[in-house]
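Engineer: So here's query-v1.cif (mmCIF, C-alpha atoms).
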data_my_file
#
loop_
_atom_site.label_atom_id
_atom_site.label_comp_id
_atom_site.auth_asym_id
_atom_site.auth_seq_id
_atom_site.Cartn_x
_atom_site.Cartn_y
_atom_site.Cartn_z
CA MET A 375 -3.06 4.60 -37.42
CA GLN A 376 -5.35 1.77 -36.40
CA ILE A 377 -7.67 1.24 -33.50
CA SER A 378 -6.16 -1.51 -31.35
CA GLU A 379 -7.71 -4.94 -31.58
CA GLU A 380 -8.71 -5.01 -27.91
CA ILE A 381 -10.80 -1.82 -28.18
CA LYS A 382 -14.54 -2.45 -28.18
CA ILE A 383 -16.74 0.35 -29.50
CA SER A 384 -20.45 0.39 -28.68
CA ASP A 385 -23.02 2.20 -30.78
CA ASN A 386 -23.89 4.43 -27.82
CA GLY A 387 -20.36 5.86 -27.73
CA PHE A 388 -19.00 3.66 -24.92
CA VAL A 389 -15.42 2.61 -25.64
CA PHE A 390 -13.81 -0.19 -23.62
CA ASN A 391 -10.17 -1.22 -23.62
CA SER A 392 -10.31 -4.91 -22.68
CA ARG A 393 -6.57 -5.06 -22.03
CA THR A 394 -6.37 -2.23 -19.51
CA GLY A 395 -9.98 -2.16 -18.27
CA GLU A 396 -10.28 1.56 -19.03
CA SER A 397 -13.47 2.93 -20.50
CA PHE A 398 -14.36 6.19 -22.21
CA SER A 399 -17.46 8.01 -23.42
CA LEU A 400 -17.51 9.59 -26.85
CA ASN A 401 -19.93 12.20 -28.13
CA PRO A 402 -21.67 11.45 -31.46
CA MET A 403 -18.97 13.21 -33.48
CA GLY A 404 -16.18 11.32 -31.70
CA LEU A 405 -18.05 8.07 -32.23
CA GLU A 406 -18.46 8.76 -35.92
CA MET A 407 -14.77 9.51 -36.32
CA ILE A 408 -13.48 6.56 -34.31
CA LYS A 409 -15.73 4.24 -36.30
CA MET A 410 -14.29 5.61 -39.55
CA ILE A 411 -10.75 5.19 -38.26
CA ALA A 412 -11.59 1.67 -37.11
CA ILE A 413 -12.58 0.63 -40.64
CA ASP A 414 -9.30 1.96 -42.00
CA ASN A 415 -10.57 5.17 -43.57
CA GLY A 416 -7.74 7.59 -44.35
CA PHE A 417 -7.61 11.27 -43.46
CA ASP A 418 -8.95 12.41 -46.85
CA GLU A 419 -11.97 10.11 -46.69
CA ILE A 420 -12.83 11.16 -43.15
CA ARG A 421 -12.40 14.88 -43.98
CA GLU A 422 -14.59 14.59 -47.03
CA SER A 423 -17.31 12.77 -45.16
CA ILE A 424 -17.37 15.19 -42.22
CA LEU A 425 -17.19 18.37 -44.34
CA GLU A 426 -20.03 17.11 -46.46
CA LYS A 427 -22.28 16.30 -43.50
CA TYR A 428 -21.50 19.13 -41.08
CA ASP A 429 -21.15 22.87 -41.19
CA VAL A 430 -17.44 23.06 -40.40
CA ASP A 431 -14.53 24.66 -42.24
CA GLU A 432 -11.54 22.64 -43.30
CA LEU A 433 -9.05 24.27 -40.95
CA ALA A 434 -11.24 23.79 -37.87
CA PHE A 435 -11.87 20.17 -38.83
CA GLU A 436 -8.19 19.45 -39.31
CA LYS A 437 -7.26 20.98 -35.95
CA ASP A 438 -9.98 19.09 -34.05
CA PHE A 439 -9.28 15.85 -35.88
CA TYR A 440 -5.58 15.80 -35.00
CA GLU A 441 -6.41 16.74 -31.42
CA PHE A 442 -8.80 13.79 -31.32
CA LEU A 443 -6.12 11.46 -32.71
CA ALA A 444 -3.64 12.66 -30.11
CA MET A 445 -6.21 11.89 -27.43
CA LEU A 446 -6.79 8.38 -28.79
CA LYS A 447 -3.05 7.80 -28.82
CA HIS A 448 -2.61 9.19 -25.31
CA HIS A 449 -5.20 6.75 -23.99
CA GLN A 450 -3.55 3.86 -25.84
CA LEU A 451 -6.56 3.21 -28.02
CA THR A 452 -4.52 3.09 -31.18
CA GLN A 453 -1.62 1.16 -32.58
CA GLN A 454 0.69 2.93 -34.94
CA GLY A 455 2.91 1.02 -37.32
CA ASN A 456 4.79 3.86 -38.95
CA PRO A 457 5.22 6.88 -36.64
CA LEU A 458 5.01 9.16 -39.67
CA ASP A 459 1.53 7.87 -40.49
CA PHE A 460 -0.87 10.22 -38.80
CA VAL A 461 -3.97 8.39 -39.86
CA MET B 1045 -25.75 -36.23 -11.41
CA ALA B 1046 -26.21 -36.03 -7.64
CA LYS B 1047 -24.07 -33.45 -5.94
CA GLN B 1048 -21.40 -34.62 -3.54
CA LYS B 1049 -22.24 -33.61 0.03
CA ILE B 1050 -19.40 -31.99 1.95
CA THR B 1051 -18.95 -29.92 5.07
CA LEU B 1052 -16.80 -26.86 4.56
CA ALA B 1053 -15.33 -24.69 7.31
CA VAL B 1054 -14.45 -21.11 6.36
CA THR B 1055 -12.95 -18.16 8.21
CA GLY B 1056 -12.99 -14.50 7.17
CA LEU B 1057 -16.69 -13.65 7.52
CA ASN B 1058 -15.82 -10.03 8.30
CA ASN B 1059 -17.52 -8.39 5.36
CA THR B 1060 -16.59 -4.88 6.46
CA ASP B 1061 -14.98 -2.02 4.50
CA ASN B 1062 -11.82 -4.14 4.68
CA PRO B 1063 -13.54 -7.39 3.80
CA GLY B 1064 -12.32 -10.89 4.46
CA PRO B 1065 -12.75 -13.45 1.66
CA GLY B 1066 -15.04 -15.79 3.63
CA VAL B 1067 -18.40 -14.62 2.31
CA PRO B 1068 -17.39 -14.58 -1.39
CA VAL B 1069 -15.72 -17.98 -0.97
CA ILE B 1070 -19.00 -19.37 0.41
CA ARG B 1071 -20.97 -17.73 -2.41
CA GLY B 1072 -18.67 -19.39 -4.94
CA VAL B 1073 -19.04 -22.78 -3.33
CA LYS B 1074 -22.81 -22.44 -3.16
CA ASP B 1075 -22.79 -21.85 -6.93
CA SER B 1076 -21.05 -25.20 -7.44
CA GLU B 1077 -22.83 -27.78 -9.55
CA GLU B 1078 -20.72 -30.56 -8.09
CA PHE B 1079 -20.93 -29.96 -4.35
CA ASP B 1080 -23.82 -29.72 -1.95
CA VAL B 1081 -22.09 -27.79 0.76
CA ARG B 1082 -22.88 -27.50 4.42
CA VAL B 1083 -21.06 -24.42 5.66
CA VAL B 1084 -19.46 -24.02 9.07
CA GLY B 1085 -18.46 -20.40 9.63
CA LEU B 1086 -15.49 -19.80 11.92
CA VAL B 1087 -15.37 -16.30 13.39
CA TYR B 1088 -13.01 -14.42 15.66
CA GLU B 1089 -15.38 -11.57 16.54
CA ASN B 1090 -19.06 -11.65 17.45
CA LEU B 1091 -19.91 -8.83 15.03
CA GLU B 1092 -18.52 -10.34 11.85
CA PRO B 1093 -21.34 -9.64 9.37
CA GLY B 1094 -21.26 -13.19 7.96
CA ILE B 1095 -22.73 -14.42 11.25
CA TYR B 1096 -25.92 -12.50 10.57
CA MET B 1097 -26.33 -13.09 6.83
CA GLU B 1098 -29.40 -15.23 6.13
CA GLY B 1099 -28.74 -18.53 4.41
CA LEU B 1100 -24.95 -18.17 4.43
CA CYS B 1101 -23.75 -20.55 7.15
CA ASP B 1102 -25.38 -23.64 8.62
CA ARG B 1103 -23.38 -23.38 11.84
CA ILE B 1104 -21.18 -20.65 13.30
CA PHE B 1105 -18.40 -21.12 15.84
CA GLN B 1106 -16.21 -18.55 17.48
CA VAL B 1107 -12.53 -19.49 17.52
CA PRO B 1108 -9.57 -17.99 19.42
CA TYR B 1109 -7.21 -15.63 17.62
CA PRO B 1110 -4.00 -17.31 16.44
CA SER B 1111 -2.12 -14.78 18.58
CA ALA B 1112 -3.56 -16.62 21.62
CA GLY B 1113 -1.55 -19.65 20.44
CA SER B 1114 -1.77 -21.95 17.43
CA GLU B 1115 -2.38 -24.94 19.67
CA GLU B 1116 -5.50 -23.38 21.16
CA LEU B 1117 -6.87 -22.54 17.73
CA ILE B 1118 -6.29 -26.05 16.40
CA GLU B 1119 -7.78 -27.67 19.51
CA ARG B 1120 -10.89 -25.55 19.05
CA ILE B 1121 -11.11 -26.64 15.39
CA GLU B 1122 -10.74 -30.28 16.45
CA HIS B 1123 -13.48 -29.82 19.01
CA ILE B 1124 -15.78 -28.35 16.33
CA HIS B 1125 -14.82 -31.21 14.02
CA GLN B 1126 -16.11 -33.75 16.56
CA GLN B 1127 -19.58 -32.22 16.15
CA GLU B 1128 -19.53 -31.16 12.53
CA LYS B 1129 -17.24 -33.59 10.67
CA ILE B 1130 -15.44 -30.97 8.61
CA ASP B 1131 -14.25 -32.27 5.22
CA VAL B 1132 -12.40 -29.17 4.01
CA LEU B 1133 -11.18 -26.06 5.80
CA ILE B 1134 -10.43 -22.83 3.91
CA PRO B 1135 -8.61 -20.30 6.09
CA ASN B 1136 -8.84 -16.78 4.69
CA PHE B 1137 -6.60 -14.59 6.85
CA ASP B 1138 -2.88 -14.13 6.31
CA SER B 1139 -2.36 -14.00 10.07
CA GLU B 1140 -3.89 -17.44 10.72
CA LEU B 1141 -2.26 -19.27 7.81
CA PHE B 1142 0.92 -20.06 9.71
CA SER B 1143 -1.04 -21.96 12.36
CA PHE B 1144 -2.99 -23.97 9.78
CA MET B 1145 0.14 -24.75 7.75
CA LYS B 1146 1.98 -25.83 10.87
CA TYR B 1147 -0.81 -28.22 11.86
CA GLU B 1148 -1.82 -29.24 8.33
CA LYS B 1149 -0.81 -32.85 8.87
CA ARG B 1150 -2.50 -33.13 12.25
CA LEU B 1151 -5.73 -31.77 10.77
CA ALA B 1152 -5.47 -34.10 7.77
CA GLU B 1153 -5.05 -37.11 10.08
CA LYS B 1154 -8.36 -36.13 11.66
CA GLY B 1155 -9.98 -35.90 8.22
CA ILE B 1156 -9.88 -32.10 7.82
CA ARG B 1157 -8.39 -31.38 4.41
CA THR B 1158 -6.76 -28.04 3.50
CA PHE B 1159 -4.95 -26.85 0.38
CA LEU B 1160 -2.35 -24.39 1.57
CA PRO B 1161 1.03 -23.15 0.41
CA THR B 1162 4.07 -24.75 2.00
CA LEU B 1163 5.85 -22.91 4.79
CA LYS B 1164 8.71 -22.10 2.40
CA GLN B 1165 6.35 -20.71 -0.23
CA PHE B 1166 4.55 -18.69 2.44
CA GLN B 1167 7.68 -17.25 4.01
CA GLU B 1168 9.70 -16.38 0.92
CA ARG B 1169 6.92 -14.09 -0.38
CA GLU B 1170 6.61 -12.14 2.84
CA LYS B 1171 6.70 -8.39 2.28
CA ASP B 1172 10.05 -7.90 3.99
CA LYS B 1173 11.63 -10.43 1.61
CA LEU B 1174 10.12 -9.07 -1.58
CA PRO B 1175 13.39 -7.70 -3.10
CA GLU B 1176 15.04 -11.15 -2.79
CA TYR B 1177 11.88 -12.78 -4.15
CA GLY B 1178 11.89 -10.50 -7.19
CA LYS B 1179 15.53 -11.28 -7.90
CA LYS B 1180 15.09 -15.03 -7.45
CA TYR B 1181 12.05 -15.34 -9.72
CA GLY B 1182 12.85 -12.60 -12.23
CA VAL B 1183 10.00 -10.23 -11.35
CA LYS B 1184 10.24 -6.46 -11.03
CA VAL B 1185 9.54 -5.31 -7.47
CA PRO B 1186 9.78 -1.88 -5.85
CA ASN B 1187 12.96 -1.15 -3.89
CA GLY B 1188 12.40 -1.86 -0.24
CA LEU B 1189 13.85 -1.37 3.22
CA ASN B 1190 12.93 -3.17 6.44
CA LEU B 1191 12.85 -0.99 9.51
CA GLY B 1192 13.60 -2.83 12.74
CA ASN B 1193 13.64 0.33 14.84
CA LEU B 1194 12.87 4.02 14.68
CA SER B 1195 16.47 5.14 14.22
CA GLN B 1196 16.56 3.45 10.82
CA LEU B 1197 14.03 5.99 9.55
CA ASN B 1198 17.00 8.22 8.68
CA GLU B 1199 17.93 5.67 6.04
CA ILE B 1200 14.79 6.51 4.08
CA GLU B 1201 16.00 9.85 2.76
CA LYS B 1202 19.32 8.37 1.71
CA ARG B 1203 17.69 5.65 -0.33
CA PHE B 1204 14.31 6.88 -1.57
CA ASP B 1205 12.59 9.87 -3.11
CA TYR B 1206 9.21 10.75 -1.70
CA PRO B 1207 6.48 9.63 -1.78
CA ILE B 1208 7.13 6.22 -0.23
CA MET B 1209 4.85 3.43 0.96
CA VAL B 1210 5.09 2.40 4.62
CA LYS B 1211 3.62 -1.05 5.19
CA GLY B 1212 2.93 -3.57 7.93
CA GLN B 1213 3.97 -7.21 7.67
CA PHE B 1214 0.40 -8.44 7.27
CA TYR B 1215 -1.86 -5.44 6.69
CA ASP B 1216 -1.91 -1.66 6.40
CA ALA B 1217 -0.08 0.63 4.04
CA TYR B 1218 0.36 4.38 4.15
CA LYS B 1219 1.65 6.69 1.45
CA SER B 1220 4.06 9.16 3.03
CA PHE B 1221 5.34 12.37 1.51
CA ASN B 1222 7.89 13.37 4.16
CA ILE B 1223 9.76 12.07 7.19
CA GLU B 1224 7.05 13.26 9.61
CA GLN B 1225 4.35 11.27 7.84
CA ALA B 1226 6.66 8.26 7.57
CA THR B 1227 7.40 8.44 11.33
CA GLN B 1228 3.68 8.60 12.11
CA ALA B 1229 2.99 5.63 9.81
CA PHE B 1230 5.87 3.69 11.41
CA HIS B 1231 4.37 4.13 14.90
CA LYS B 1232 0.84 3.24 13.77
CA ILE B 1233 1.97 0.09 12.00
CA ALA B 1234 4.56 -1.05 14.56
CA SER B 1235 2.04 -0.82 17.40
CA LYS B 1236 -0.55 -2.84 15.48
CA TRP B 1237 1.44 -5.37 13.48
CA GLY B 1238 4.87 -5.34 15.08
CA LEU B 1239 8.27 -5.09 13.44
CA PRO B 1240 9.72 -4.93 10.89
CA VAL B 1241 7.89 -2.08 9.24
CA ILE B 1242 8.48 -2.14 5.50
CA VAL B 1243 9.30 0.92 3.41
CA GLN B 1244 8.78 0.59 -0.32
CA GLU B 1245 9.56 2.85 -3.22
CA PHE B 1246 6.27 4.28 -4.55
CA VAL B 1247 5.60 3.04 -8.06
CA SER B 1248 3.17 5.19 -9.97
CA GLY B 1249 0.68 3.47 -12.25
CA THR B 1250 -2.53 1.49 -12.39
CA GLU B 1251 -3.38 -1.02 -9.66
CA VAL B 1252 -4.10 -4.41 -11.20
CA ASN B 1253 -4.48 -7.76 -9.45
CA VAL B 1254 -4.65 -11.42 -10.37
CA VAL B 1255 -6.50 -14.07 -8.41
CA ALA B 1256 -4.99 -17.48 -9.11
CA LEU B 1257 -4.85 -21.06 -7.95
CA GLY B 1258 -1.78 -23.28 -8.15
CA ASP B 1259 -1.94 -27.06 -7.89
CA GLY B 1260 1.39 -27.44 -6.08
CA ASN B 1261 3.03 -29.09 -9.10
CA GLY B 1262 3.69 -25.89 -11.04
CA ASN B 1263 0.37 -25.80 -12.90
CA THR B 1264 -1.93 -22.80 -12.89
CA VAL B 1265 -5.43 -24.17 -12.36
CA ALA B 1266 -7.13 -20.77 -12.54
CA ALA B 1267 -6.13 -17.14 -13.09
CA VAL B 1268 -8.24 -14.04 -13.61
CA PRO B 1269 -6.74 -10.53 -13.92
CA MET B 1270 -8.64 -7.51 -12.69
CA ARG B 1271 -8.19 -3.75 -12.77
CA LYS B 1272 -9.30 -1.87 -9.69
CA GLN B 1273 -11.88 0.71 -10.74
CA TYR B 1274 -12.81 2.17 -7.37
CA ILE B 1275 -10.40 2.12 -4.45
CA THR B 1276 -11.33 2.87 -0.83
CA ASP B 1277 -9.19 4.98 1.47
CA LYS B 1278 -7.88 1.67 2.84
CA GLY B 1279 -6.65 0.80 -0.62
CA LYS B 1280 -9.27 -1.91 -1.12
CA ALA B 1281 -11.00 -2.46 -4.43
CA TRP B 1282 -14.66 -1.45 -4.13
CA GLY B 1283 -15.19 -1.99 -7.83
CA GLY B 1284 -13.19 -3.87 -10.43
CA ILE B 1285 -13.29 -5.26 -13.94
CA THR B 1286 -11.80 -8.36 -15.55
CA ILE B 1287 -9.28 -7.56 -18.27
CA ALA B 1288 -7.58 -9.39 -21.12
CA ASP B 1289 -4.00 -8.80 -20.09
CA GLU B 1290 -1.85 -11.63 -21.38
CA LYS B 1291 1.30 -10.21 -19.74
CA MET B 1292 -0.30 -10.46 -16.30
CA LEU B 1293 -1.36 -14.03 -16.99
CA GLU B 1294 2.12 -14.94 -18.24
CA LEU B 1295 3.67 -13.46 -15.11
CA THR B 1296 1.24 -15.42 -12.93
CA ARG B 1297 1.83 -18.71 -14.74
CA SER B 1298 5.57 -18.20 -14.60
CA LEU B 1299 5.55 -17.51 -10.84
CA ILE B 1300 3.30 -20.50 -10.11
CA GLN B 1301 5.46 -22.72 -12.29
CA LYS B 1302 8.75 -21.58 -10.74
CA THR B 1303 7.52 -21.67 -7.13
CA LYS B 1304 5.18 -24.67 -7.54
CA TRP B 1305 2.66 -22.59 -5.63
CA LYS B 1306 0.03 -24.60 -3.82
CA GLY B 1307 -3.32 -22.99 -3.07
CA GLY B 1308 -5.06 -19.71 -3.72
CA MET B 1309 -3.12 -16.52 -4.21
CA GLU B 1310 -3.49 -12.90 -5.19
CA LEU B 1311 -0.80 -10.98 -7.03
CA GLU B 1312 -0.94 -7.25 -6.44
CA LEU B 1313 0.73 -5.42 -9.29
CA ILE B 1314 1.30 -1.88 -10.46
CA LYS B 1315 1.30 -1.36 -14.20
CA THR B 1316 3.36 1.71 -15.04
CA ASN B 1317 2.64 4.02 -17.96
CA ALA B 1318 5.65 2.49 -19.70
CA GLY B 1319 3.88 -0.89 -19.56
CA ASP B 1320 6.11 -2.46 -16.89
CA TYR B 1321 4.60 -4.58 -14.12
CA TYR B 1322 5.84 -4.26 -10.57
CA LEU B 1323 4.88 -6.91 -8.05
CA VAL B 1324 4.05 -5.10 -4.82
CA GLU B 1325 2.59 -7.97 -2.83
CA ILE B 1326 1.60 -11.64 -2.96
CA ASN B 1327 -1.29 -12.55 -0.72
CA PRO B 1328 -1.05 -16.28 0.06
CA ARG B 1329 -4.79 -16.91 -0.04
CA ILE B 1330 -7.95 -16.26 -2.01
CA PRO B 1331 -8.72 -12.50 -2.06
CA ALA B 1332 -12.04 -10.88 -1.11
CA TRP B 1333 -12.88 -10.12 -4.76
CA VAL B 1334 -12.79 -13.80 -5.75
CA TYR B 1335 -16.49 -13.82 -6.57
CA LEU B 1336 -15.67 -11.72 -9.64
CA ALA B 1337 -13.63 -14.69 -10.93
CA VAL B 1338 -16.61 -16.98 -10.23
CA GLY B 1339 -18.88 -14.58 -12.15
CA ALA B 1340 -16.39 -14.46 -15.00
CA GLY B 1341 -16.39 -18.26 -15.32
CA GLN B 1342 -13.68 -19.60 -13.01
CA ASN B 1343 -15.04 -21.00 -9.76
CA ILE B 1344 -11.81 -20.87 -7.81
CA PRO B 1345 -13.28 -21.81 -4.38
CA GLU B 1346 -14.86 -24.93 -5.93
CA ALA B 1347 -11.58 -25.86 -7.64
CA LEU B 1348 -9.68 -25.38 -4.39
CA ILE B 1349 -12.05 -27.76 -2.59
CA LYS B 1350 -11.55 -30.35 -5.33
CA LEU B 1351 -7.77 -30.07 -5.00
CA ALA B 1352 -8.06 -30.37 -1.21
CA LEU B 1353 -10.11 -33.55 -1.66
CA GLY B 1354 -7.50 -34.95 -4.06
CA MET B 1355 -9.81 -34.71 -7.07
CA GLU B 1356 -8.54 -33.97 -10.55
CA VAL B 1357 -9.03 -30.39 -11.72
CA LYS B 1358 -8.54 -29.36 -15.30
CA PRO B 1359 -6.89 -25.93 -15.67
CA MET B 1360 -9.41 -23.19 -16.42
CA THR B 1361 -8.14 -20.80 -19.06
CA ASP B 1362 -11.25 -18.97 -20.26
CA TYR B 1363 -13.03 -16.18 -18.48
CA LYS B 1364 -15.37 -13.39 -19.51
CA ILE B 1365 -13.61 -10.10 -20.13
CA GLY B 1366 -15.31 -6.90 -18.99
CA LYS B 1367 -17.18 -8.50 -16.06
CA MET B 1368 -17.38 -6.09 -13.17
CA PHE B 1369 -17.97 -6.22 -9.46
CA VAL B 1370 -19.35 -3.34 -7.48
CA ARG B 1371 -19.41 -3.67 -3.70
CA TYR B 1372 -22.07 -2.14 -1.53
CA SER B 1373 -22.85 -1.77 2.12
CA TYR B 1374 -26.15 -2.95 3.53
CA ASP B 1375 -27.69 -2.63 6.95
CA MET B 1376 -29.03 -5.94 8.25
CA ILE B 1377 -31.59 -5.76 11.00
CA VAL B 1378 -30.93 -8.62 13.38
CA ASP B 1379 -32.35 -9.85 16.64
CA LEU B 1380 -30.38 -9.48 19.82
CA GLU B 1381 -30.80 -13.21 20.40
CA ARG B 1382 -28.30 -14.15 17.68
CA PHE B 1383 -25.73 -11.70 19.01
CA ALA B 1384 -26.30 -12.98 22.56
CA THR B 1385 -25.96 -16.63 21.49
CA ILE B 1386 -22.65 -16.17 19.71
CA SER B 1387 -21.35 -13.96 22.54
CA ILE B 1388 -22.27 -16.39 25.33
CA ASN B 1389 -22.30 -19.86 23.75
CA LYS B 1390 -19.56 -19.14 21.17
CA GLU B 1391 -21.61 -21.04 18.62
CA ILE B 1392 -24.90 -20.85 16.77
#
Can you dump the structure from the file as structure tokens?

Structural biologist:
Amino acid sequence: MQISEEIKISDNGFVFNSRTGESFSLNPMGLEMIKMIAIDNGFDEIRESILEKYDVDELAFEKDFYEFLAMLKHHQLTQQGNPLDFV
Amino acid sequence: MAKQKITLAVTGLNNTDNPGPGVPVIRGVKDSEEFDVRVVGLVYENLEPGIYMEGLCDRIFQVPYPSAGSEELIERIEHIHQQEKIDVLIPNFDSELFSFMKYEKRLAEKGIRTFLPTLKQFQEREKDKLPEYGKKYGVKVPNGLNLGNLSQLNEIEKRFDYPIMVKGQFYDAYKSFNIEQATQAFHKIASKWGLPVIVQEFVSGTEVNVVALGDGNGNTVAAVPMRKQYITDKGKAWGGITIADEKMLELTRSLIQKTKWKGGMELELIKTNAGDYYLVEINPRIPAWVYLAVGAGQNIPEALIKLALGMEVKPMTDYKIGKMFVRYSYDMIVDLERFATISINKEI
């Protein structure tokens, strides 16, 4: 899964879709994750990084992460080549 | 380089909650680096806010409504022209365009240049002909039905699922969820704008618009797409943002090329969740949000004046994405004298 080319991500968590004109606000955790996805980090790399930095168990992370991805997809912020690729 | 001096006449100074495009057109022209513009404001009502805005118009004249007769309107313009020597006239209301198109040649002979669509272009995009228009030019449009009388309302339930849009020929649109609401909307619209009243299938999605300018030879001189961010209860954009939607631009260029559209235009589109674009209306003039296009890098009013004057205009293709407009209301404190002068003398 990749963040679409037309998505602009600001350091303050403001996300703008220049094709649709929609904008979104991310909290610091969301911003950190979308930035990692944007630079093509895979699920394992993102999990490792988050588990190392924050006090969160693996199961909770996994659940929240996939929920976050579903949200990105729902708002058309991502482009997915292979539908079986989750990240 | 010295700016070229011109006198421009503009209508649509009604900057209300359903704003006319006159004020933003003038703002665009005043931003021009090529023209030094003297502005003659043409108003129908003595409370059009543009009359009272400081530094907007050099002269103001009240003109008769086109419904009083095209001839009377044109004679009044000619009378104003004797005093003011108008170089270019930009009409900004749908309802007056017919009169100006009809007398385009007569005005041009007097030296008043316009840049308007042809009568054919104007008529074939009328709301009651939209289904045929969509078919002819290969654009998706909502299913529609023209109601010539009240008894035809029964047809609605046979042909549409609710909600539906009930629209007037020129202005007004109401979303109706049942036959009672549709009947009420029919009466409201028919009494104000006459028949037919147009019923359209409701297409769910995001409201997006394009402001564009065609040179009459099939070329798109300017085009800026916008997504409405804040919509008033009258359906007007109170805030909007320029977007990078290539499909909307392609659709615009294709329509202008196929129709050889001449003049300013606004395409009103609905983008569905599936990514389809439905054309719900074509306004045959510059829209009230045109100053967003100016701010984004395409001075459409200036380009229209150049085309009217027969000057060469290179197509503008770039614009800034993510530029926004946010409208506001503002109370001007004005002296009674100005109101009295326009009311009694019909000019300021």

Engineer: Quick one: apply the PyMOL selection byres ((chain A) within 12 of (chain B)) to the file and drop the selected residues here as a short mmCIF file (atom, residue, chain, number, x, y, z; two decimals) with C-alpha atoms, keeping the file's coordinate frame.

Structural biologist:
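Output (result28.cif):
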data_model
loop_
_atom_site.label_atom_id
_atom_site.label_comp_id
_atom_site.auth_asym_id
_atom_site.auth_seq_id
_atom_site.Cartn_x
_atom_site.Cartn_y
_atom_site.Cartn_z
CA GLU A 379 -7.71 -4.94 -31.58
CA GLU A 380 -8.71 -5.01 -27.91
CA ILE A 381 -10.80 -1.82 -28.18
CA LYS A 382 -14.54 -2.45 -28.18
CA VAL A 389 -15.42 2.61 -25.64
CA PHE A 390 -13.81 -0.19 -23.62
CA ASN A 391 -10.17 -1.22 -23.62
CA SER A 392 -10.31 -4.91 -22.68
CA ARG A 393 -6.57 -5.06 -22.03
CA THR A 394 -6.37 -2.23 -19.51
CA GLY A 395 -9.98 -2.16 -18.27
CA GLU A 396 -10.28 1.56 -19.03
CA SER A 397 -13.47 2.93 -20.50
CA HIS A 448 -2.61 9.19 -25.31
CA HIS A 449 -5.20 6.75 -23.99
CA GLN A 450 -3.55 3.86 -25.84
#

Engineer: Would you mind telling me which residue in B:Asp1216, B:Gly1319, B:Glu1325, B:Pro1345 lies nearest to Leu1257 (chain B) when using all atoms listed in the file?

Structural biologist: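 Nearest candidate to Leu1257 (chain B) out of B:Asp1216, B:Gly1319, B:Glu1325, B:Pro1345: B:Pro1345.
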
Engineer: Set the distance at 12 Å and use only C-alpha atoms: which residues neighbour Asn1062 (chain B) once local chain neighbours fewer than 5 positions away are removed? I'd like the list as a list in words.

Structural biologist: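 Residues near the query, excluding close chain neighbours: Gly1056, Leu1057, Glu1092, Pro1093, Phe1137, Tyr1215, Asp1216, Ile1275, Thr1276, Asp1277, Lys1278, Gly1279, Lys1280, Ala1281, Trp1282, Pro1331, Ala1332, Trp1333, Arg1371 and Ser1373 of chain B.
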
Engineer: On this structure, which residues satisfy the PyMOL selection byres ((chain B and resi 1059) around 12), written as an MDAnalysis selection string?

Structural biologist: chainID B and resid 1055:1058 1060:1069 1087 1089 1091:1097 1332:1333 1371:1375

Engineer: Write out as an MDAnalysis selection string which residues come within 12 Å of Asn415 (chain A) when counting only C-alpha atoms, dropping same-chain ones fewer than 3 positions away.

Structural biologist: chainID A and resid 375:377 406:412 418:423 460:461

Engineer: Separation of CA of Asp1172 (chain B) and CA of Val1185 (chain B), in Å?

Structural biologist: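 Interatomic distance here is 11.8 Å.
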
Engineer: With only C-alpha atoms as the basis for distance, which of B:Ile1330, B:Ile1392, B:Ile1208, B:Ala1053 is at the shortest distance from Ala1229 (chain B)?

Structural biologist: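 Closest to Ala1229 (chain B) of all the choices is B:Ile1208.
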
Engineer: Just so the selection is clear, what residues does the PyMOL selection byres ((chain B and resi 1358) around 10) cover here, as a PyMOL selection string?

Structural biologist: chain B and resi 1263-1266+1347+1355-1357+1359-1361

Engineer: Have a look at CA of Pro1161 (chain B) and CA of Met1145 (chain B) and let me know their distance in Å, one decimal.

Structural biologist: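 Atom-to-atom, CA of Pro1161 (chain B) to CA of Met1145 (chain B), that is 7.6 Å.
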
Engineer: May I have the protein, DNA and RNA residues with an atom at most 10 Å from (2.0, -25.1, 9.0), counting all atoms listed in the file in the file's coordinates, returned as a list in words?

Structural biologist: Ser1114, Glu1140, Leu1141, Phe1142, Ser1143, Phe1144, Met1145, Lys1146, Tyr1147, Glu1148, Lys1149, Arg1150, Leu1160, Pro1161, Thr1162, Leu1163, Lys1164 and Phe1166 of chain B
